[in-house]
$ cat query34.csv   # CSV, C-alpha atoms
chain,number,residue,atom,x,y,z
A,1,MET,CA,0.0,0.0,0.0
A,2,GLY,CA,1.4,3.4,-0.9
A,3,VAL,CA,1.7,6.4,1.4
A,4,ALA,CA,-1.5,7.9,0.1
A,5,GLY,CA,-3.4,4.7,0.9
A,6,GLN,CA,-1.9,4.5,4.4
A,7,VAL,CA,-3.0,8.1,5.1
A,8,ASP,CA,-6.5,7.3,3.8
A,9,ARG,CA,-6.8,4.5,6.3
A,10,ARG,CA,-5.9,6.9,9.1
A,11,LEU,CA,-8.4,9.6,8.2
A,12,ASP,CA,-12.2,9.7,8.5
A,13,VAL,CA,-13.5,13.2,8.8
A,14,LYS,CA,-16.9,14.5,7.7
A,15,ILE,CA,-18.5,17.9,7.8
A,16,LYS,CA,-22.1,17.4,8.9
A,17,ALA,CA,-24.1,20.6,8.5
A,18,GLU,CA,-27.7,19.3,8.8
A,19,GLN,CA,-28.4,21.3,12.0
A,20,ALA,CA,-27.4,24.6,10.4
A,21,ARG,CA,-29.3,23.9,7.2
A,22,ALA,CA,-32.5,23.0,9.2
A,23,VAL,CA,-32.2,26.2,11.2
A,24,LEU,CA,-31.8,28.2,8.0
A,25,ALA,CA,-34.9,26.7,6.6
A,26,ILE,CA,-36.8,27.8,9.7
A,27,LEU,CA,-35.4,31.3,9.5
A,28,ASP,CA,-36.4,31.5,5.8
A,29,LYS,CA,-40.0,30.6,6.6
A,30,ARG,CA,-40.2,33.2,9.4
A,31,ALA,CA,-38.6,35.8,7.2
A,32,ALA,CA,-41.4,35.2,4.6
A,33,GLY,CA,-44.0,35.6,7.3
A,34,LYS,CA,-45.0,32.0,7.2
A,35,ARG,CA,-45.9,29.9,10.2
A,36,VAL,CA,-43.4,27.3,11.3
A,37,THR,CA,-45.0,24.0,12.2
A,38,GLU,CA,-44.1,21.8,15.1
A,39,ALA,CA,-43.0,19.1,12.6
A,40,GLU,CA,-40.5,21.5,11.1
A,41,LEU,CA,-39.1,22.4,14.4
A,42,ARG,CA,-38.8,18.7,15.3
A,43,GLU,CA,-36.7,18.3,12.1
A,44,VAL,CA,-34.1,20.7,13.7
A,45,PHE,CA,-34.3,18.7,17.0
A,46,ALA,CA,-33.8,15.4,15.2
A,47,THR,CA,-30.6,16.4,13.4
A,48,GLU,CA,-27.4,14.7,14.6
A,49,GLY,CA,-25.7,18.0,15.3
A,50,TYR,CA,-28.5,19.2,17.6
A,51,ARG,CA,-28.9,15.9,19.4
A,52,ARG,CA,-25.1,15.7,20.1
A,53,LEU,CA,-25.0,19.4,21.1
A,54,LYS,CA,-27.7,18.7,23.6
A,55,GLU,CA,-25.8,15.7,24.9
A,56,ARG,CA,-22.7,17.8,25.3
A,57,GLU,CA,-24.4,20.5,27.3
A,58,ALA,CA,-26.1,17.9,29.5
A,59,SER,CA,-22.7,16.3,30.2
A,60,LEU,CA,-21.6,19.7,31.6
A,61,GLY,CA,-24.7,20.1,33.7
A,62,ARG,CA,-26.0,22.9,31.5
A,63,ALA,CA,-29.6,23.4,30.6
A,64,PHE,CA,-30.4,23.1,26.9
A,65,GLU,CA,-34.1,22.8,26.4
A,66,ASP,CA,-36.0,22.6,23.1
A,67,ASP,CA,-38.3,25.4,24.2
A,68,ALA,CA,-35.4,27.7,24.8
A,69,PHE,CA,-34.1,26.9,21.3
A,70,ARG,CA,-37.5,27.7,19.9
A,71,ASP,CA,-37.2,31.1,21.5
A,72,PHE,CA,-33.7,31.5,20.0
A,73,LEU,CA,-35.1,30.7,16.5
A,74,SER,CA,-37.7,33.5,16.8
A,75,SER,CA,-35.1,36.2,17.3
A,76,ASN,CA,-35.5,39.0,14.8
A,77,GLU,CA,-31.7,39.6,14.9
A,78,LEU,CA,-31.1,36.0,13.9
A,79,ILE,CA,-33.6,36.2,11.1
A,80,GLY,CA,-31.8,39.2,9.8
A,81,ARG,CA,-28.5,37.4,9.7
A,82,ARG,CA,-29.7,34.3,7.7
A,83,GLU,CA,-28.2,35.3,4.4
A,84,GLU,CA,-24.7,35.9,5.8
A,85,LEU,CA,-25.0,32.7,7.8
A,86,ARG,CA,-26.0,30.8,4.6
A,87,ARG,CA,-23.0,32.2,2.6
A,88,THR,CA,-20.7,31.3,5.5
A,89,LEU,CA,-22.1,27.7,5.6
A,90,ARG,CA,-21.7,27.3,1.9
A,91,SER,CA,-18.0,28.3,2.1
A,92,TRP,CA,-17.3,26.1,5.1
A,93,GLU,CA,-19.0,23.1,3.5
A,94,THR,CA,-16.9,23.2,0.4
A,95,LEU,CA,-13.7,23.1,2.5
A,96,ASP,CA,-11.5,20.0,2.2
A,97,ALA,CA,-11.6,18.7,5.7
A,98,ARG,CA,-9.2,15.9,4.8
A,99,ALA,CA,-6.5,18.4,3.8
A,100,ALA,CA,-6.8,20.0,7.3
A,101,ALA,CA,-6.6,16.5,8.9
A,102,GLN,CA,-3.6,15.6,6.8
A,103,ARG,CA,-1.7,18.7,8.0
A,104,SER,CA,-2.4,17.6,11.6
A,105,LEU,CA,-1.5,14.0,10.9
A,106,ALA,CA,2.0,15.2,9.9
A,107,TYR,CA,2.6,16.1,13.6
A,108,LEU,CA,1.3,12.9,15.1
A,109,PRO,CA,2.9,9.4,15.6
A,110,GLU,CA,2.5,6.9,12.7
A,111,GLN,CA,-0.1,4.9,14.6
A,112,ALA,CA,-2.4,7.9,15.2
A,113,VAL,CA,-5.8,8.1,13.4
A,114,ILE,CA,-8.1,11.1,13.0
A,115,ARG,CA,-11.8,10.2,13.0
A,116,ALA,CA,-14.3,13.0,13.7
A,117,SER,CA,-17.6,14.4,12.9
A,118,ILE,CA,-17.5,18.2,12.3
A,119,TYR,CA,-20.6,20.1,13.1
A,120,PRO,CA,-21.0,23.8,11.9
A,121,VAL,CA,-23.9,24.9,14.2
A,122,ILE,CA,-26.2,27.8,14.7
A,123,LYS,CA,-26.8,28.2,18.4
A,124,PRO,CA,-27.2,30.8,21.2
A,125,ARG,CA,-23.6,30.6,22.5
A,126,ASP,CA,-20.7,31.6,20.2
A,127,ASN,CA,-18.2,29.0,21.4
A,128,SER,CA,-16.6,26.1,19.6
A,129,PHE,CA,-15.3,22.9,21.2
A,130,VAL,CA,-14.6,19.2,20.9
A,131,PHE,CA,-16.7,16.5,22.5
A,132,ASP,CA,-16.6,12.8,23.3
A,133,LEU,CA,-13.0,12.3,22.1
A,134,LYS,CA,-12.8,8.8,23.5
A,135,ASN,CA,-15.9,7.3,21.9
A,136,ASP,CA,-17.2,9.3,19.0
A,137,PRO,CA,-15.1,12.5,18.5
A,138,ALA,CA,-17.0,15.5,17.5
A,139,ILE,CA,-16.0,19.1,16.8
A,140,PHE,CA,-18.6,21.8,17.1
A,141,LEU,CA,-17.8,25.0,15.3
A,142,TYR,CA,-20.1,28.1,15.9
A,143,LEU,CA,-21.1,29.4,12.5
A,144,ASP,CA,-19.6,32.8,12.4
A,145,PRO,CA,-19.6,35.0,9.3
A,146,ALA,CA,-16.5,36.8,10.6
A,147,ILE,CA,-14.5,33.6,10.2
A,148,THR,CA,-13.1,33.1,6.7
A,149,PRO,CA,-12.8,29.7,5.1
A,150,GLU,CA,-9.0,29.8,5.6
A,151,GLN,CA,-9.5,30.6,9.3
A,152,PHE,CA,-12.1,27.9,9.6
A,153,GLU,CA,-9.6,25.4,8.1
A,154,ASN,CA,-6.9,26.5,10.5
A,155,THR,CA,-9.2,26.1,13.5
A,156,LEU,CA,-10.3,22.7,12.2
A,157,ALA,CA,-6.7,21.5,11.8
A,158,HIS,CA,-5.9,22.6,15.3
A,159,GLU,CA,-8.9,20.7,16.8
A,160,LEU,CA,-8.2,17.6,14.6
A,161,HIS,CA,-4.7,17.5,16.0
A,162,HIS,CA,-6.2,17.1,19.5
A,163,VAL,CA,-8.5,14.4,18.2
A,164,GLY,CA,-5.6,12.4,16.7
A,165,PHE,CA,-3.2,12.9,19.6
A,166,GLY,CA,-5.5,11.1,21.9
A,167,THR,CA,-5.5,8.0,19.7
A,168,ALA,CA,-1.7,7.5,19.9
A,169,CYS,CA,-0.4,9.1,23.1
A,170,PRO,CA,-1.7,8.2,26.5
A,171,ALA,CA,-2.7,10.9,28.9
A,172,PRO,CA,0.2,11.3,31.4
A,173,GLU,CA,-2.1,10.7,34.4
A,174,THR,CA,-3.1,7.3,33.1
A,175,THR,CA,0.3,5.7,33.1
A,176,ALA,CA,0.9,3.2,35.8
A,177,ASP,CA,4.2,4.5,37.1
A,178,LEU,CA,2.8,8.0,37.5
A,179,GLU,CA,0.3,6.6,40.1
A,180,LYS,CA,3.2,5.7,42.3
A,181,MET,CA,4.8,9.1,42.3
A,182,PRO,CA,4.4,11.8,45.0
A,183,GLU,CA,1.2,13.8,44.4
A,184,GLY,CA,3.0,17.1,43.5
A,185,LYS,CA,5.1,15.4,40.8
A,186,ARG,CA,2.1,13.6,39.4
A,187,ILE,CA,0.1,16.8,39.2
A,188,ALA,CA,2.9,18.8,37.6
A,189,ILE,CA,3.5,16.2,34.9
A,190,GLY,CA,-0.2,16.2,34.1
A,191,TRP,CA,-0.1,19.9,33.4
A,192,LEU,CA,2.7,19.5,30.9
A,193,SER,CA,0.2,18.2,28.4
A,194,ALA,CA,-1.3,21.7,28.3
A,195,PHE,CA,1.6,22.7,26.1
A,196,GLY,CA,-0.2,20.5,23.4
A,197,GLU,CA,-2.1,23.7,22.5
A,198,GLY,CA,1.2,25.1,21.2
A,199,LEU,CA,1.9,21.9,19.3
A,200,ALA,CA,-1.5,22.1,17.7
A,201,MET,CA,-0.9,25.7,16.7
A,202,LEU,CA,2.3,24.5,14.9
A,203,ALA,CA,0.5,21.6,13.2
A,204,ALA,CA,-2.4,23.8,12.1
A,205,ALA,CA,0.0,26.3,10.5
A,206,GLY,CA,1.9,23.5,8.8
A,207,GLY,CA,5.4,24.2,10.1
A,208,PRO,CA,7.7,26.5,12.2
A,209,GLU,CA,8.3,28.9,9.4
A,210,VAL,CA,4.6,29.6,8.9
A,211,HIS,CA,3.0,32.3,11.1
A,212,PRO,CA,0.3,30.6,13.3
A,213,HIS,CA,-2.0,33.5,12.5
A,214,LEU,CA,-1.2,33.9,8.8
A,215,GLN,CA,-4.9,33.8,7.9
A,216,SER,CA,-6.1,35.7,11.0
A,217,LYS,CA,-7.2,39.3,11.5
A,218,ALA,CA,-4.5,41.8,12.0
A,219,GLU,CA,-5.4,42.3,15.7
A,220,ASP,CA,-5.1,38.6,16.3
A,221,ARG,CA,-1.6,38.5,14.7
A,222,THR,CA,-0.6,41.5,16.7
A,223,ARG,CA,-1.7,40.0,19.9
A,224,TRP,CA,0.1,36.7,19.2
A,225,ASP,CA,3.3,38.5,18.2
A,226,ARG,CA,3.2,40.6,21.4
A,227,ASP,CA,2.6,37.5,23.6
A,228,VAL,CA,5.3,35.4,21.9
A,229,ALA,CA,7.8,38.2,22.5
A,230,ASN,CA,7.2,37.6,26.2
A,231,PHE,CA,8.3,33.9,25.9
A,232,ASP,CA,11.1,34.1,28.5
A,233,ARG,CA,8.9,35.8,31.1
A,234,ASP,CA,5.9,33.5,30.5
A,235,LEU,CA,8.2,30.4,30.7
A,236,ARG,CA,9.3,31.6,34.1
A,237,LEU,CA,5.7,32.1,35.2
A,238,ILE,CA,4.8,28.6,34.3
A,239,GLU,CA,8.1,27.4,35.9
A,240,ALA,CA,7.0,29.1,39.1
A,241,PHE,CA,3.6,27.5,38.9
A,242,LEU,CA,5.1,24.0,38.4
A,243,GLY,CA,7.5,24.7,41.3
A,244,GLU,CA,4.7,25.5,43.7
A,245,ILE,CA,3.0,22.3,42.8
A,246,LEU,CA,6.2,20.3,43.4
A,247,ASP,CA,6.8,22.0,46.7
A,248,GLY,CA,3.3,21.1,47.8
A,249,LYS,CA,2.0,24.7,47.9
A,250,LEU,CA,-0.8,23.9,45.5
A,251,ASP,CA,-3.0,20.9,45.7
A,252,GLU,CA,-4.9,19.5,42.7
A,253,THR,CA,-7.8,21.9,43.1
A,254,ALA,CA,-5.7,25.0,43.6
A,255,ALA,CA,-3.4,23.9,40.7
A,256,ARG,CA,-6.3,23.6,38.4
A,257,GLN,CA,-7.6,27.1,39.2
A,258,ARG,CA,-4.1,28.6,38.6
A,259,GLY,CA,-3.3,26.5,35.6
A,260,LEU,CA,-6.5,27.4,33.8
A,261,GLU,CA,-5.4,31.1,33.9
A,262,PHE,CA,-2.6,30.3,31.5
A,263,PHE,CA,-5.0,29.4,28.7
A,264,GLY,CA,-6.6,32.8,28.2
A,265,VAL,CA,-7.5,33.6,24.6
A,266,GLN,CA,-4.3,32.0,23.5
A,267,GLY,CA,-2.1,32.4,26.6
A,268,PRO,CA,1.2,30.9,27.7
A,269,TRP,CA,0.1,27.3,27.2
A,270,TYR,CA,-0.2,28.2,23.5
A,271,THR,CA,2.6,30.7,23.0
A,272,VAL,CA,5.2,29.0,25.2
A,273,GLY,CA,4.1,25.7,23.9
A,274,TRP,CA,4.4,26.9,20.3
A,275,ARG,CA,7.9,28.4,20.8
A,276,MET,CA,9.1,25.2,22.5
A,277,SER,CA,7.7,23.1,19.7
A,278,ALA,CA,9.1,25.3,16.9
A,279,THR,CA,12.5,25.3,18.5
A,280,ILE,CA,12.6,21.5,19.0
A,281,GLU,CA,11.6,20.9,15.4
A,282,LYS,CA,14.1,23.4,14.0
A,283,GLU,CA,17.0,22.1,16.1
A,284,LEU,CA,16.2,18.4,16.6
A,285,GLY,CA,13.7,17.5,13.9
A,286,ARG,CA,10.0,16.7,13.8
A,287,LYS,CA,10.4,13.1,14.9
A,288,ARG,CA,12.0,14.2,18.2
A,289,LEU,CA,9.2,16.8,18.6
A,290,ILE,CA,6.5,14.2,18.3
A,291,GLU,CA,8.2,11.8,20.6
A,292,ALA,CA,8.7,14.5,23.3
A,293,PHE,CA,5.0,15.4,23.3
A,294,CYS,CA,3.8,11.8,23.2
A,295,ASP,CA,5.9,11.2,26.4
A,296,THR,CA,5.5,14.6,28.1
A,297,ARG,CA,7.9,13.7,30.8
A,298,SER,CA,10.7,14.0,28.3
A,299,LEU,CA,9.3,17.4,26.9
A,300,ILE,CA,11.2,19.7,29.2
A,301,GLY,CA,14.6,17.9,28.7
A,302,THR,CA,14.1,17.8,24.9
A,303,TYR,CA,13.3,21.5,24.8
A,304,ASN,CA,16.3,22.4,26.9
A,305,GLU,CA,18.5,20.4,24.6
A,306,ALA,CA,17.1,22.2,21.6
A,307,ALA,CA,17.4,25.6,23.3
A,308,LEU,CA,21.0,25.0,24.1
A,309,LYS,CA,21.7,24.1,20.4
A,310,HIS,CA,19.7,27.1,19.2
A,311,ASN,CA,21.7,29.5,21.5
A,312,SER,CA,25.0,28.0,20.5
A,313,ARG,CA,24.1,28.3,16.8
A,314,THR,CA,22.6,31.8,16.9
A,315,GLY,CA,24.1,33.5,19.9
A,316,ASP,CA,20.6,34.1,21.3
A,317,ASP,CA,19.8,33.6,25.0
A,318,LEU,CA,16.6,31.7,24.7
A,319,ALA,CA,15.2,30.7,28.1
A,320,SER,CA,15.5,27.1,29.3
A,321,TRP,CA,13.8,25.3,32.1
A,322,SER,CA,15.4,25.0,35.6
A,323,GLU,CA,16.9,21.8,36.8
A,324,LYS,CA,14.1,21.4,39.2
A,325,VAL,CA,11.5,21.3,36.5
A,326,ALA,CA,13.7,19.2,34.2
A,327,GLU,CA,13.8,16.5,36.9
A,328,LEU,CA,10.2,15.7,36.2
A,329,ALA,CA,11.5,13.2,33.6
A,330,ASN,CA,13.2,11.2,36.4

$ encode --input "query34.csv" --output "structure tokens"
Amino acid sequence: MGVAGQVDRRLDVKIKAEQARAVLAILDKRAAGKRVTEAELREVFATEGYRRLKEREASLGRAFEDDAFRDFLSSNELIGRREELRRTLRSWETLDARAAAQRSLAYLPEQAVIRASIYPVIKPRDNSFVFDLKNDPAIFLYLDPAITPEQFENTLAHELHHVGFGTACPAPETTADLEKMPEGKRIAIGWLSAFGEGLAMLAAAGGPEVHPHLQSKAEDRTRWDRDVANFDRDLRLIEAFLGEILDGKLDETAARQRGLEFFGVQGPWYTVGWRMSATIEKELGRKRLIEAFCDTRSLIGTYNEAALKHNSRTGDDLASWSEKVAELAN
């Protein structure tokens, strides 16, 4: 079997837009002054995207009632947006989801597979997310006319990398030897996986020489460039966070509260993780990069090796991790 055939066997991604199309049909009837029947509303509720969206909200303990969605569909503001929503859906549906998945696959172990249903959805909340990664991976993307097809593809590649990563690399907290470690070390190692956001940024862009926000709005590129410029400072902030965990100053609950602060819009888990990933790939190669993330205990040491090589080659003074944090590998 050729390389193309091997890739085909590792990919199964489909854009499923039935929910959005059913909502648009309702909006068209209301815009024309026609009465929407209960049967037509039930067609929305019966779509796979709606049913799984409802399941996801229930899994988080959030209310998501059919009656509330009926009220949402009667919004005059939503009715007025139907044409731009339709144009956006058409442009998203024509996107080659497999191309986005292949870009992500290039940054995953050879045994990784990417299988996911992608749901562009029209809904009250403007968030996008992944759901049920272990059993039936789903990616929900809020249908936003401000997002270009190129931005949509980048976001899709980012999320598909997360989907594929879980099929090949075990979560650090599930490995048997980790269970025998002191609590602080176990918690700290678990948080290293958050740097995967930076790796997904690199994979979605397609390489370390491609700006992660090449297709984004100017303000998003400016924000990213400003935050990446603070790499040394932010690395030290995360280092202090991990150090407090190792010293027993933060239990699991307190560590979670603090660690979540580093996500932000695209905070240090993204920017520091991306700079670490790009440095490792440039200096040590993509194979070493993938290996380091698949065994996150080796990530810090691998990055320090790459940073030392980078500094020796360029004369820069790129920050590296302290010995205390590097010892997480031992």

$ atom_distance --input "query34.csv" --atom1 "atom CA of Asp96 of chain A" --atom2 "atom CA of Phe129 of chain A"
19.6 Å

$ residues_around --input "query34.csv" --residues "Leu73 of chain A" --least-positions-apart "4" --cutoff "10 Å" --atoms "only C-alpha atoms" --output "ChimeraX atom specification"
/A:23-24,26-27,30,41,67-69,77-79,122-124

$ closest_residue --input "query34.csv" --among "A:Arg186, A:Asp136, A:Thr302, A:Leu192" --to "Thr167 of chain A" --atoms "all atoms listed in the file"
A:Asp136

$ residues_near_point --input "query34.csv" --point "(0.6, 22.0, 30.0)" --cutoff "10 Å" --atoms "only C-alpha atoms" --output "JSON, numbers by chain"
{"A": [188, 189, 190, 191, 192, 193, 194, 195, 196, 197, 198, 238, 242, 259, 260, 262, 263, 268, 269, 270, 272, 273, 296]}

$ atom_distance --input "query34.csv" --atom1 "atom CA of Val228 of chain A" --atom2 "atom CA of Gln215 of chain A"
17.4 Å

$ closest_residue --input "query34.csv" --among "A:Leu156, A:Leu214, A:Leu202, A:Val36" --to "Tyr107 of chain A" --atoms "all atoms listed in the file"
A:Leu202

$ closest_residue --input "query34.csv" --among "A:Leu328, A:Val121, A:Val13, A:Ala32" --to "Thr88 of chain A" --atoms "all atoms listed in the file"
A:Val121

$ closest_residue --input "query34.csv" --among "A:Ala46, A:Ala39, A:Val130, A:Met201" --to "Thr271 of chain A" --atoms "all atoms listed in the file"
A:Met201

$ residues_around --input "query34.csv" --residues "Val163 of chain A" --least-positions-apart "4" --cutoff "12 Å" --atoms "all atoms listed in the file" --output "number ranges by chain"
A: 11-13, 101, 104-105, 108, 112-118, 129-139, 156-159, 167-169, 196, 200

$ closest_residue --input "query34.csv" --among "A:Arg258, A:Phe72, A:Pro109, A:Arg21" --to "Leu143 of chain A" --atoms "all atoms listed in the file"
A:Arg21

$ closest_residue --input "query34.csv" --among "A:Gly301, A:Pro149, A:Gly248, A:Pro208" --to "Lys282 of chain A" --atoms "all atoms listed in the file"
A:Pro208

$ atom_distance --input "query34.csv" --atom1 "atom CA of Trp224 of chain A" --atom2 "atom CA of Ala99 of chain A"
24.8 Å

$ closest_atom_pairs --input "query34.csv" --of "segment 180-283 of chain A" --to "segment 305-325 of chain A" --cutoff "12 Å" --atoms "only C-alpha atoms" --output "Markdown table"
| residue | atom | partner | partner_atom | distance |
| --- | --- | --- | --- | --- |
| A:Gly184 | CA | A:Val325 | CA | 11.8 |
| A:Lys185 | CA | A:Val325 | CA | 9.7 |
| A:Ala188 | CA | A:Val325 | CA | 9.0 |
| A:Ile189 | CA | A:Val325 | CA | 9.6 |
| A:Leu192 | CA | A:Val325 | CA | 10.6 |
| A:Ala229 | CA | A:Leu318 | CA | 11.2 |
| A:Asn230 | CA | A:Ala319 | CA | 10.7 |
| A:Phe231 | CA | A:Ala319 | CA | 7.9 |
| A:Asp232 | CA | A:Ala319 | CA | 5.3 |
| A:Arg233 | CA | A:Ala319 | CA | 8.6 |
| A:Asp234 | CA | A:Ala319 | CA | 10.0 |
| A:Leu235 | CA | A:Ala319 | CA | 7.5 |
| A:Arg236 | CA | A:Trp321 | CA | 8.0 |
| A:Leu237 | CA | A:Trp321 | CA | 11.0 |
| A:Ile238 | CA | A:Trp321 | CA | 9.8 |
| A:Glu239 | CA | A:Val325 | CA | 7.0 |
| A:Ala240 | CA | A:Val325 | CA | 9.4 |
| A:Phe241 | CA | A:Val325 | CA | 10.3 |
| A:Leu242 | CA | A:Val325 | CA | 7.2 |
| A:Gly243 | CA | A:Val325 | CA | 7.1 |
| A:Glu244 | CA | A:Val325 | CA | 10.8 |
| A:Ile245 | CA | A:Val325 | CA | 10.6 |
| A:Leu246 | CA | A:Val325 | CA | 8.8 |
| A:Asp247 | CA | A:Lys324 | CA | 10.5 |
| A:Val272 | CA | A:Ala319 | CA | 10.5 |
| A:Arg275 | CA | A:Leu318 | CA | 10.1 |
| A:Met276 | CA | A:Ala307 | CA | 8.3 |
| A:Ser277 | CA | A:Ala306 | CA | 9.6 |
| A:Ala278 | CA | A:Ala306 | CA | 9.8 |
| A:Thr279 | CA | A:Ala306 | CA | 6.4 |
| A:Ile280 | CA | A:Ala306 | CA | 5.2 |
| A:Glu281 | CA | A:Ala306 | CA | 8.4 |
| A:Lys282 | CA | A:Ala306 | CA | 8.3 |
| A:Glu283 | CA | A:Ala306 | CA | 5.5 |

$ write_last_selection --input "query34.csv" --atoms "C-alpha atoms" --output "mmCIF file, in the coordinates of the input"
data_model
loop_
_atom_site.group_PDB
_atom_site.id
_atom_site.type_symbol
_atom_site.label_atom_id
_atom_site.label_comp_id
_atom_site.auth_asym_id
_atom_site.auth_seq_id
_atom_site.Cartn_x
_atom_site.Cartn_y
_atom_site.Cartn_z
ATOM 1 C CA GLY A 184 3.000 17.100 43.500
ATOM 2 C CA LYS A 185 5.100 15.400 40.800
ATOM 3 C CA ALA A 188 2.900 18.800 37.600
ATOM 4 C CA ILE A 189 3.500 16.200 34.900
ATOM 5 C CA LEU A 192 2.700 19.500 30.900
ATOM 6 C CA ALA A 229 7.800 38.200 22.500
ATOM 7 C CA ASN A 230 7.200 37.600 26.200
ATOM 8 C CA PHE A 231 8.300 33.900 25.900
ATOM 9 C CA ASP A 232 11.100 34.100 28.500
ATOM 10 C CA ARG A 233 8.900 35.800 31.100
ATOM 11 C CA ASP A 234 5.900 33.500 30.500
ATOM 12 C CA LEU A 235 8.200 30.400 30.700
ATOM 13 C CA ARG A 236 9.300 31.600 34.100
ATOM 14 C CA LEU A 237 5.700 32.100 35.200
ATOM 15 C CA ILE A 238 4.800 28.600 34.300
ATOM 16 C CA GLU A 239 8.100 27.400 35.900
ATOM 17 C CA ALA A 240 7.000 29.100 39.100
ATOM 18 C CA PHE A 241 3.600 27.500 38.900
ATOM 19 C CA LEU A 242 5.100 24.000 38.400
ATOM 20 C CA GLY A 243 7.500 24.700 41.300
ATOM 21 C CA GLU A 244 4.700 25.500 43.700
ATOM 22 C CA ILE A 245 3.000 22.300 42.800
ATOM 23 C CA LEU A 246 6.200 20.300 43.400
ATOM 24 C CA ASP A 247 6.800 22.000 46.700
ATOM 25 C CA VAL A 272 5.200 29.000 25.200
ATOM 26 C CA ARG A 275 7.900 28.400 20.800
ATOM 27 C CA MET A 276 9.100 25.200 22.500
ATOM 28 C CA SER A 277 7.700 23.100 19.700
ATOM 29 C CA ALA A 278 9.100 25.300 16.900
ATOM 30 C CA THR A 279 12.500 25.300 18.500
ATOM 31 C CA ILE A 280 12.600 21.500 19.000
ATOM 32 C CA GLU A 281 11.600 20.900 15.400
ATOM 33 C CA LYS A 282 14.100 23.400 14.000
ATOM 34 C CA GLU A 283 17.000 22.100 16.100
#

$ build_atoms --input "query34.csv" --residues "segment 253-265 of chain A" --atoms "N, CA and C atoms" --output "short mmCIF file (atom, residue, chain, number, x, y, z; two decimals), in the frame of the given file"
data_model
loop_
_atom_site.label_atom_id
_atom_site.label_comp_id
_atom_site.auth_asym_id
_atom_site.auth_seq_id
_atom_site.Cartn_x
_atom_site.Cartn_y
_atom_site.Cartn_z
N THR A 253 -6.78 20.94 43.33
CA THR A 253 -7.80 21.90 43.10
C THR A 253 -7.22 23.32 42.84
N ALA A 254 -6.28 23.70 43.70
CA ALA A 254 -5.70 25.00 43.60
C ALA A 254 -4.82 25.09 42.28
N ALA A 255 -4.16 23.97 41.94
CA ALA A 255 -3.40 23.90 40.70
C ALA A 255 -4.25 24.09 39.49
N ARG A 256 -5.41 23.48 39.52
CA ARG A 256 -6.30 23.60 38.40
C ARG A 256 -6.77 25.04 38.20
N GLN A 257 -7.11 25.68 39.31
CA GLN A 257 -7.60 27.10 39.20
C GLN A 257 -6.46 27.96 38.65
N ARG A 258 -5.23 27.77 39.11
CA ARG A 258 -4.10 28.60 38.60
C ARG A 258 -3.76 28.21 37.18
N GLY A 259 -3.71 26.93 36.89
CA GLY A 259 -3.30 26.50 35.60
C GLY A 259 -4.23 26.93 34.47
N LEU A 260 -5.52 27.00 34.77
CA LEU A 260 -6.50 27.40 33.80
C LEU A 260 -6.27 28.88 33.35
N GLU A 261 -5.67 29.66 34.24
CA GLU A 261 -5.40 31.10 33.90
C GLU A 261 -4.41 31.21 32.78
N PHE A 262 -3.57 30.22 32.55
CA PHE A 262 -2.60 30.30 31.50
C PHE A 262 -3.12 29.96 30.11
N PHE A 263 -4.41 29.60 30.04
CA PHE A 263 -5.00 29.40 28.70
C PHE A 263 -5.41 30.70 28.08
N GLY A 264 -6.24 31.48 28.76
CA GLY A 264 -6.60 32.80 28.20
C GLY A 264 -7.23 32.65 26.84
N VAL A 265 -7.11 33.72 26.04
CA VAL A 265 -7.50 33.60 24.60
C VAL A 265 -6.60 32.68 23.92
#
